[in-house]
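Note: the block below is structure.pdb and it holds PDB, C-alpha atoms and all ligand atoms.
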```pdb
ATOM      1  CA  MET B 977     120.236  81.248 105.392
ATOM      2  CA  ALA B 978     117.022  80.152 103.729
ATOM      3  CA  GLU B 979     114.126  82.504 104.105
ATOM      4  CA  PHE B 980     110.527  82.021 103.083
ATOM      5  CA  CYS B 981     107.595  84.294 102.335
ATOM      6  CA  ALA B 982     104.352  83.836 104.274
ATOM      7  CA  GLN B 983     102.777  81.442 101.787
ATOM      8  CA  CYS B 984     105.902  79.302 101.380
ATOM      9  CA  ALA B 985     106.436  79.280 105.131
ATOM     10  CA  LYS B 986     102.966  77.785 105.478
ATOM     11  CA  GLN B 987     103.543  75.336 102.643
ATOM     12  CA  TYR B 988     106.873  74.058 103.949
ATOM     13  CA  GLY B 989     106.226  74.418 107.661
ATOM     14  CA  MET B 990     108.875  77.096 107.986
ATOM     15  CA  LYS B 991     109.054  80.511 109.553
ATOM     16  CA  ASN B 992     108.049  83.625 107.625
ATOM     17  CA  GLY B 993     111.363  85.371 107.143
ATOM     18  CA  PHE B 994     110.071  88.652 105.773
ATOM     19  CA  ILE B 995     107.640  90.041 108.347
ATOM     20  CA  GLY B 996     108.257  93.751 108.748
ATOM     21  CA  GLU B 997     110.657  93.859 105.818
ATOM     22  CA  CYS B 998     109.036  97.129 104.761
ATOM     23  CA  LYS B 999     106.418  99.591 105.982
ATOM     24  CA  PRO B1000     102.680  99.046 105.437
ATOM     25  CA  ASN B1001     101.687 100.089 101.896
ATOM     26  CA  TYR B1002     105.198  99.458 100.665
ATOM     27  CA  LEU B1003     106.808  96.436  99.039
ATOM     28  CA  ALA B1004     110.234  94.973  99.573
ATOM     29  CA  THR B1005     112.197  92.971  97.023
ATOM     30  CA  VAL B1006     113.490  89.785  98.616
ATOM     31  CA  VAL B1007     114.736  86.317  97.708
ATOM     32  CA  CYS B1008     112.393  83.571  98.895
ATOM     33  CA  GLU B1009     113.627  79.956  98.825
ATOM     34  CA  GLY B1010     110.356  78.852  97.241
ATOM     35  CA  CYS B1011     109.584  81.789  94.955
ATOM     36  CA  GLY B1012     112.909  83.191  93.831
ATOM     37  CA  VAL B1013     113.183  86.960  93.590
ATOM     38  CA  ILE B1014     109.815  88.381  94.598
ATOM     39  CA  GLN B1015     108.160  91.341  96.194
ATOM     40  CA  VAL B1016     106.578  91.010  99.607
ATOM     41  CA  ASN B1017     104.300  93.291 101.592
ATOM     42  CA  HIS B1018     104.884  94.295 105.201
ATOM     43  CA  LYS B1019     103.385  91.006 106.391
ATOM     44  CA  GLY B1020     105.927  89.015 104.406
ATOM     45  CA  GLU B1021     103.310  87.815 101.920
ATOM     46  CA  CYS B1022     104.423  87.181  98.352
ATOM     47  CA  VAL B1023     102.645  89.579  95.971
ATOM     48  CA  SER B1024     104.450  88.469  92.795
ATOM     49  CA  HIS B1025     101.955  86.668  90.591
ATOM     50  CA  ASP B1026     104.772  85.444  88.355
ATOM     51  CA  CYS B1027     106.899  83.903  91.098
ATOM     52  CA  ASP B1028     108.344  80.400  90.790
ATOM     53  CA  ASN B1029     105.777  78.960  93.146
ATOM     54  CA  GLY B1030     102.742  79.489  90.948
ATOM     55  CA  TYR B1031      99.626  81.307  91.942
ATOM     56  CA  HIS B1032      99.699  81.920  95.653
ATOM     57  CA  ALA B1033     100.363  85.643  95.503
ATOM     58  CA  VAL B1034      98.090  87.881  97.517
ATOM     59  CA  ASP B1035      96.468  90.840  95.839
ATOM     60  CA  TRP B1036      98.146  94.067  96.649
ATOM     61  CA  SER B1037      97.240  97.519  95.487
ATOM     62  CA  ILE B1038      98.884 100.833  96.045
ATOM     63  CA  SER B1039      97.070 103.084  98.426
ATOM     64  CA  ASN B1040      97.116 106.621  97.120
ATOM     65  CA  LYS B1041      96.290 108.201 100.436
TER      66      LYS B1041
HETATM   67 ZN    ZN B1101     105.502  83.481  95.671
HETATM   68 ZN    ZN B1102     107.764  82.213  98.673
END
```

Now, as a test, write the supplied structure out as structure tokens.
Ligand SMILES: [Zn+2]
Ligand SMILES: [Zn+2]
Amino acid sequence: MAEFCAQCAKQYGMKNGFIGECKPNYLATVVCEGCGVIQVNHKGECVSHDCDNGYHAVDWSISNK
């Protein structure tokens, strides 16, 4: 089944398949139909600046708390 990250879901009019894939402040490695193998945050947003879909990645930084 095809799954899309938040940005691709918006772009293609699809559903975000990766919401809640990991806990807040963590990343999950997933396969997005638009991006290829990427990392997403807990909101399902692509954070991989080198993904196949160009430059839509959101900034993500590790919280050291
Ligand atoms: Zn992407
Ligand atoms: Zn994507």

- Message: Report, in Å with one decimal, the straight-line distance from CA of Ile1014 in chain B to CA of Lys986 in chain B.
- Response: 16.7 Å

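Candidate residues B:Gly1010, B:Trp1036, B:Ala1004, B:Lys999 were compared for distance to Gln987 in chain B, and the nearest is B:Gly1010, using all atoms listed in the file.
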
- Specify as a PyMOL selection string each residue included when the PyMOL selection byres (((not hetatm)) within 8 of (chain B and resi 1101)) is applied to this file. chain B and resi 981+983-984+1008+1010-1012+1014+1021-1033

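Rounded to one decimal, CA of Ala978 in chain B and CA of Val1016 in chain B lie 15.6 Å from each other.
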
- Query: Once the PyMOL selection byres (((chain B and resi 996) around 8) and not hetatm) has been applied to the shown file, what residues remain in the selection, as JSON, numbers by chain?
  - Reply: {"B": [994, 995, 997, 998, 999, 1018, 1019, 1020]}

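Candidate residues B:Gln1015, B:Met977, B:Asn992, B:Ala985 were compared for distance to Val1034 in chain B, and the nearest is B:Gln1015, using all atoms listed in the file.
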
- Message: Between CA of Lys991 in chain B and CA of Val1013 in chain B, what is the distance in Å, rounded to a tenth?
- Response: 17.7 Å

- Query: Smallest atom-to-atom distance to ligand ZN 1102 (chain B): which of B:Leu1003, B:Tyr988, B:Glu1009, B:Ser1037, using all atoms listed in the file?
  - Reply: B:Glu1009

- Query: For ligand ZN 1102 (chain B), which residue among B:Asn1001, B:Val1007, B:Gly989, B:Asp1035 is the nearest when counting only C-alpha atoms and all ligand atoms?
  - Reply: B:Val1007
